[in-house]
file input_13.txt (compact mmCIF, N, CA and C atoms)
# COMPACT_ATOMS: atom_id res chain seq x y z
N MET A 1 0.85 -1.17 0.00
CA MET A 1 0.00 0.00 0.00
C MET A 1 0.90 1.23 0.00
N ASN A 2 0.60 2.12 -0.91
CA ASN A 2 1.37 3.36 -0.99
C ASN A 2 0.91 4.33 0.07
N SER A 3 1.76 5.25 0.41
CA SER A 3 1.42 6.21 1.46
C SER A 3 0.38 7.23 1.00
N GLY A 4 0.19 7.46 -0.29
CA GLY A 4 -0.75 8.45 -0.80
C GLY A 4 -2.11 7.87 -1.15
N GLN A 5 -2.31 6.56 -1.01
CA GLN A 5 -3.57 5.94 -1.40
C GLN A 5 -4.41 5.60 -0.17
N LEU A 6 -5.73 5.74 -0.33
CA LEU A 6 -6.66 5.37 0.73
C LEU A 6 -7.06 3.91 0.53
N PRO A 7 -7.41 3.22 1.58
CA PRO A 7 -7.85 1.84 1.41
C PRO A 7 -9.19 1.80 0.70
N ALA A 8 -9.41 0.77 -0.06
CA ALA A 8 -10.67 0.60 -0.81
C ALA A 8 -11.78 0.25 0.16
N PRO A 9 -13.01 0.78 -0.07
CA PRO A 9 -14.14 0.43 0.80
C PRO A 9 -14.50 -1.04 0.60
N PRO A 10 -15.13 -1.66 1.58
CA PRO A 10 -15.53 -3.06 1.42
C PRO A 10 -16.53 -3.19 0.28
N ASN A 11 -16.59 -4.37 -0.30
CA ASN A 11 -17.47 -4.62 -1.44
C ASN A 11 -18.88 -4.83 -0.93
N ASN A 12 -19.61 -3.74 -0.78
CA ASN A 12 -20.99 -3.78 -0.30
C ASN A 12 -21.85 -3.11 -1.36
N GLN A 13 -22.88 -3.80 -1.82
CA GLN A 13 -23.68 -3.27 -2.92
C GLN A 13 -24.52 -2.07 -2.51
N SER A 14 -24.81 -1.91 -1.22
CA SER A 14 -25.64 -0.78 -0.82
C SER A 14 -24.88 0.54 -0.94
N HIS A 15 -23.54 0.49 -0.96
CA HIS A 15 -22.76 1.71 -1.11
C HIS A 15 -22.47 2.04 -2.57
N GLN A 16 -22.70 1.10 -3.46
CA GLN A 16 -22.41 1.33 -4.88
C GLN A 16 -23.60 1.97 -5.54
N HIS A 17 -23.35 2.97 -6.35
CA HIS A 17 -24.42 3.66 -7.06
C HIS A 17 -24.62 3.01 -8.41
N GLY A 18 -25.86 3.03 -8.86
CA GLY A 18 -26.15 2.50 -10.19
C GLY A 18 -26.46 1.02 -10.22
N THR A 19 -26.44 0.34 -9.07
CA THR A 19 -26.74 -1.08 -9.07
C THR A 19 -28.24 -1.33 -9.04
N GLY A 20 -29.02 -0.37 -8.55
CA GLY A 20 -30.47 -0.52 -8.50
C GLY A 20 -30.95 -1.26 -7.26
N SER A 21 -30.04 -1.68 -6.39
CA SER A 21 -30.47 -2.41 -5.20
C SER A 21 -31.17 -1.50 -4.20
N MET A 22 -30.88 -0.21 -4.22
CA MET A 22 -31.53 0.71 -3.29
C MET A 22 -32.96 1.01 -3.71
N ASN A 23 -33.28 0.87 -4.97
CA ASN A 23 -34.60 1.19 -5.46
C ASN A 23 -35.56 0.01 -5.40
N LYS A 24 -35.07 -1.17 -5.14
CA LYS A 24 -35.94 -2.34 -5.08
C LYS A 24 -36.65 -2.38 -3.74
N PHE A 25 -37.93 -2.77 -3.77
CA PHE A 25 -38.74 -2.87 -2.57
C PHE A 25 -38.62 -4.27 -2.01
N ASN A 26 -38.26 -4.35 -0.76
CA ASN A 26 -38.09 -5.64 -0.12
C ASN A 26 -39.30 -5.89 0.78
N SER A 27 -40.21 -6.76 0.34
CA SER A 27 -41.45 -6.99 1.09
C SER A 27 -41.23 -7.84 2.33
N THR A 28 -40.11 -8.50 2.46
CA THR A 28 -39.87 -9.32 3.65
C THR A 28 -39.55 -8.47 4.86
N ARG A 29 -39.24 -7.20 4.67
CA ARG A 29 -38.92 -6.33 5.79
C ARG A 29 -40.17 -5.75 6.44
N LEU A 30 -41.35 -5.96 5.84
CA LEU A 30 -42.58 -5.44 6.42
C LEU A 30 -42.92 -6.23 7.68
N ARG A 31 -43.46 -5.53 8.66
CA ARG A 31 -43.88 -6.21 9.88
C ARG A 31 -45.24 -6.85 9.63
N SER A 32 -45.39 -8.09 10.05
CA SER A 32 -46.64 -8.80 9.80
C SER A 32 -47.63 -8.64 10.94
N ARG A 33 -47.21 -8.13 12.09
CA ARG A 33 -48.14 -7.95 13.20
C ARG A 33 -48.12 -6.49 13.64
N ILE A 34 -49.19 -6.10 14.32
CA ILE A 34 -49.33 -4.72 14.78
C ILE A 34 -48.69 -4.60 16.15
N ASP A 35 -47.88 -3.61 16.33
CA ASP A 35 -47.22 -3.36 17.60
C ASP A 35 -48.14 -2.48 18.45
N PRO A 36 -48.64 -2.98 19.61
CA PRO A 36 -49.57 -2.17 20.41
C PRO A 36 -48.91 -0.96 21.05
N ASP A 37 -47.59 -0.95 21.16
CA ASP A 37 -46.91 0.20 21.76
C ASP A 37 -46.71 1.33 20.77
N GLU A 38 -46.91 1.04 19.50
CA GLU A 38 -46.72 2.07 18.48
C GLU A 38 -47.95 2.95 18.42
N GLY A 39 -47.77 4.24 18.41
CA GLY A 39 -48.89 5.17 18.37
C GLY A 39 -49.52 5.23 16.98
N TRP A 40 -50.70 5.81 16.91
CA TRP A 40 -51.37 5.99 15.64
C TRP A 40 -51.81 7.44 15.55
N LEU A 41 -52.13 7.84 14.35
CA LEU A 41 -52.47 9.23 14.09
C LEU A 41 -53.51 9.27 12.99
N VAL A 42 -54.58 10.01 13.20
CA VAL A 42 -55.62 10.18 12.17
C VAL A 42 -55.66 11.66 11.83
N GLN A 43 -55.48 11.96 10.56
CA GLN A 43 -55.55 13.34 10.10
C GLN A 43 -56.81 13.49 9.25
N VAL A 44 -57.62 14.48 9.57
CA VAL A 44 -58.87 14.72 8.86
C VAL A 44 -58.69 15.96 7.99
N TYR A 45 -58.93 15.78 6.70
CA TYR A 45 -58.77 16.87 5.74
C TYR A 45 -60.12 17.27 5.17
N GLY A 46 -60.27 18.54 4.82
CA GLY A 46 -61.47 19.03 4.18
C GLY A 46 -61.42 18.77 2.68
N SER A 47 -62.47 19.16 1.98
CA SER A 47 -62.53 18.92 0.54
C SER A 47 -61.50 19.76 -0.22
N ASP A 48 -61.02 20.85 0.39
CA ASP A 48 -60.01 21.68 -0.26
C ASP A 48 -58.59 21.27 0.16
N ARG A 49 -58.45 20.05 0.68
CA ARG A 49 -57.17 19.47 1.08
C ARG A 49 -56.49 20.25 2.20
N ARG A 50 -57.30 20.91 3.01
CA ARG A 50 -56.78 21.64 4.16
C ARG A 50 -56.97 20.79 5.41
N LEU A 51 -55.98 20.74 6.26
CA LEU A 51 -56.04 19.94 7.47
C LEU A 51 -57.06 20.53 8.44
N LEU A 52 -58.06 19.72 8.80
CA LEU A 52 -59.09 20.19 9.72
C LEU A 52 -58.76 19.86 11.17
N CYS A 53 -58.36 18.62 11.43
CA CYS A 53 -57.99 18.25 12.79
C CYS A 53 -57.11 17.01 12.77
N VAL A 54 -56.44 16.78 13.87
CA VAL A 54 -55.55 15.63 14.03
C VAL A 54 -55.96 14.90 15.30
N LEU A 55 -56.19 13.60 15.18
CA LEU A 55 -56.53 12.77 16.33
C LEU A 55 -55.38 11.84 16.61
N GLU A 56 -54.85 11.90 17.82
CA GLU A 56 -53.74 11.04 18.21
C GLU A 56 -54.26 9.94 19.12
N SER A 57 -53.41 8.99 19.42
CA SER A 57 -53.83 7.87 20.26
C SER A 57 -54.23 8.32 21.66
N SER A 58 -53.60 9.37 22.17
CA SER A 58 -53.97 9.87 23.49
C SER A 58 -55.39 10.40 23.50
N HIS A 59 -55.84 10.98 22.38
CA HIS A 59 -57.22 11.45 22.30
C HIS A 59 -58.19 10.29 22.41
N GLY A 60 -57.85 9.18 21.78
CA GLY A 60 -58.72 8.00 21.84
C GLY A 60 -58.80 7.43 23.24
N TRP A 61 -57.66 7.37 23.95
CA TRP A 61 -57.67 6.84 25.32
C TRP A 61 -58.44 7.77 26.25
N ILE A 62 -58.29 9.07 26.09
CA ILE A 62 -59.03 10.02 26.93
C ILE A 62 -60.53 9.92 26.65
N PHE A 63 -60.91 9.73 25.38
CA PHE A 63 -62.32 9.57 25.03
C PHE A 63 -62.90 8.32 25.70
N LEU A 64 -62.17 7.19 25.63
CA LEU A 64 -62.64 5.95 26.26
C LEU A 64 -62.72 6.10 27.78
N LEU A 65 -61.75 6.80 28.35
CA LEU A 65 -61.78 7.04 29.79
C LEU A 65 -63.00 7.88 30.16
N GLY A 66 -63.29 8.92 29.38
CA GLY A 66 -64.46 9.76 29.64
C GLY A 66 -65.76 9.00 29.50
N CYS A 67 -65.86 8.12 28.48
CA CYS A 67 -67.06 7.29 28.32
C CYS A 67 -67.23 6.35 29.49
N SER A 68 -66.13 5.77 29.96
CA SER A 68 -66.20 4.84 31.10
C SER A 68 -66.63 5.56 32.38
N VAL A 69 -66.05 6.71 32.64
CA VAL A 69 -66.42 7.47 33.83
C VAL A 69 -67.87 7.94 33.73
N GLY A 70 -68.30 8.35 32.54
CA GLY A 70 -69.69 8.77 32.36
C GLY A 70 -70.68 7.63 32.56
N ALA A 71 -70.35 6.44 32.07
CA ALA A 71 -71.22 5.28 32.26
C ALA A 71 -71.28 4.88 33.73
N LEU A 72 -70.13 4.91 34.40
CA LEU A 72 -70.09 4.59 35.83
C LEU A 72 -70.91 5.60 36.63
N LEU A 73 -70.79 6.87 36.30
CA LEU A 73 -71.55 7.91 36.98
C LEU A 73 -73.06 7.74 36.72
N ALA A 74 -73.44 7.38 35.51
CA ALA A 74 -74.86 7.19 35.19
C ALA A 74 -75.44 6.02 35.97
N VAL A 75 -74.72 4.92 36.07
CA VAL A 75 -75.20 3.76 36.84
C VAL A 75 -75.31 4.13 38.32
N PHE A 76 -74.30 4.81 38.84
CA PHE A 76 -74.31 5.23 40.24
C PHE A 76 -75.49 6.16 40.51
N TRP A 77 -75.70 7.14 39.65
CA TRP A 77 -76.79 8.11 39.82
C TRP A 77 -78.15 7.42 39.73
N PHE A 78 -78.28 6.47 38.81
CA PHE A 78 -79.55 5.75 38.66
C PHE A 78 -79.86 4.95 39.91
N ASN A 79 -78.86 4.28 40.50
CA ASN A 79 -79.09 3.49 41.71
C ASN A 79 -79.42 4.38 42.90
N ILE A 80 -78.81 5.55 43.00
CA ILE A 80 -79.14 6.47 44.09
C ILE A 80 -80.58 6.96 43.94
N ALA A 81 -80.98 7.31 42.73
CA ALA A 81 -82.33 7.83 42.50
C ALA A 81 -83.39 6.75 42.74
N ARG A 82 -83.06 5.50 42.46
CA ARG A 82 -84.06 4.43 42.60
C ARG A 82 -84.31 4.11 44.07
N TYR A 83 -83.28 4.15 44.91
CA TYR A 83 -83.44 3.76 46.31
C TYR A 83 -83.60 4.94 47.27
N SER A 84 -83.66 6.15 46.78
CA SER A 84 -83.86 7.30 47.67
C SER A 84 -85.36 7.47 47.94
N PRO A 85 -85.73 8.00 49.10
CA PRO A 85 -87.15 8.21 49.39
C PRO A 85 -87.72 9.29 48.48
N PRO A 86 -88.99 9.17 48.15
CA PRO A 86 -89.60 10.18 47.28
C PRO A 86 -89.67 11.54 47.98
N VAL A 87 -89.61 12.56 47.20
CA VAL A 87 -89.67 13.92 47.73
C VAL A 87 -91.14 14.28 47.94
N VAL A 88 -91.46 14.70 49.18
CA VAL A 88 -92.84 15.08 49.51
C VAL A 88 -92.97 16.58 49.28
N PRO A 89 -93.93 16.96 48.45
CA PRO A 89 -94.09 18.40 48.22
C PRO A 89 -94.61 19.08 49.48
N THR A 90 -94.14 20.26 49.75
CA THR A 90 -94.59 21.01 50.92
C THR A 90 -95.82 21.82 50.55
N THR A 91 -96.75 21.88 51.50
CA THR A 91 -97.96 22.66 51.25
C THR A 91 -97.71 24.11 51.63
N PRO A 92 -98.15 25.04 50.82
CA PRO A 92 -97.94 26.46 51.18
C PRO A 92 -98.81 26.83 52.38
N SER A 93 -98.33 27.74 53.18
CA SER A 93 -99.10 28.17 54.36
C SER A 93 -100.31 28.99 53.92
N SER A 94 -101.34 28.94 54.74
CA SER A 94 -102.58 29.62 54.39
C SER A 94 -102.47 31.14 54.49
N THR A 95 -101.61 31.64 55.35
CA THR A 95 -101.47 33.09 55.48
C THR A 95 -100.31 33.55 54.59
N PRO A 96 -100.53 34.59 53.84
CA PRO A 96 -99.44 35.06 52.98
C PRO A 96 -98.34 35.70 53.81
N SER A 97 -97.15 35.49 53.40
CA SER A 97 -96.03 36.07 54.12
C SER A 97 -95.92 37.55 53.77
N GLU A 98 -95.50 38.32 54.74
CA GLU A 98 -95.38 39.76 54.53
C GLU A 98 -94.02 40.07 53.91
N LEU A 99 -94.07 41.01 53.05
CA LEU A 99 -92.85 41.50 52.44
C LEU A 99 -92.43 42.76 53.17
N ARG A 100 -91.28 42.71 53.78
CA ARG A 100 -90.79 43.84 54.53
C ARG A 100 -89.67 44.49 53.75
N VAL A 101 -89.83 45.76 53.50
CA VAL A 101 -88.81 46.52 52.82
C VAL A 101 -88.34 47.60 53.76
N ASP A 102 -87.09 47.66 54.06
CA ASP A 102 -86.56 48.68 54.95
C ASP A 102 -85.86 49.75 54.20
call {"tool": "encode", "arguments": {"input": "input_13.txt", "output": "structure tokens"}}
result
Amino acid sequence: MNSGQLPAPPNNQSHQHGTGSMNKFNSTRLRSRIDPDEGWLVQVYGSDRRLLCVLESSHGWIFLLGCSVGALLAVFWFNIARYSPPVVPTTPSSTPSELRVD
């Protein structure tokens, strides 16, 4: 090896240009199962291709949590109302109350 020459790179096709190996799609690298830890994102666009809103996975979990708490509260409230004594209306007194203005 001469002192002015650099060593040759290893013979790897991914570093060579013009071989076409970088442009080929390798379908074996696709994941076949869904990773539950990976987040998701829903983007809603209008008819003029303008972004209207973005829904992330945290929005979905908060929505489910709110529905669960609301259902639990509704069941709790229904059971309280069913077993509470009925409200007895009060009869108004026969003499009218005086209005005092000072």
call {"tool": "atom_distance", "arguments": {"input": "input_13.txt", "atom1": "atom C of Gly39 in chain A", "atom2": "atom C of Ser57 in chain A"}}
result
7.3 Å
call {"tool": "atom_distance", "arguments": {"input": "input_13.txt", "atom1": "CA of Val42 in chain A", "atom2": "CA of Val54 in chain A"}}
result
5.8 Å
call {"tool": "atom_distance", "arguments": {"input": "input_13.txt", "atom1": "CA of Val69 in chain A", "atom2": "atom N of Trp40 in chain A"}}
result
23.2 Å
call {"tool": "select_by_dssp", "arguments": {"input": "input_13.txt", "residues": "range 35-80 of chain A", "states": "strand (DSSP E or B)", "output": "PyMOL selection string"}}
result
chain A and resi 41-45+51-56
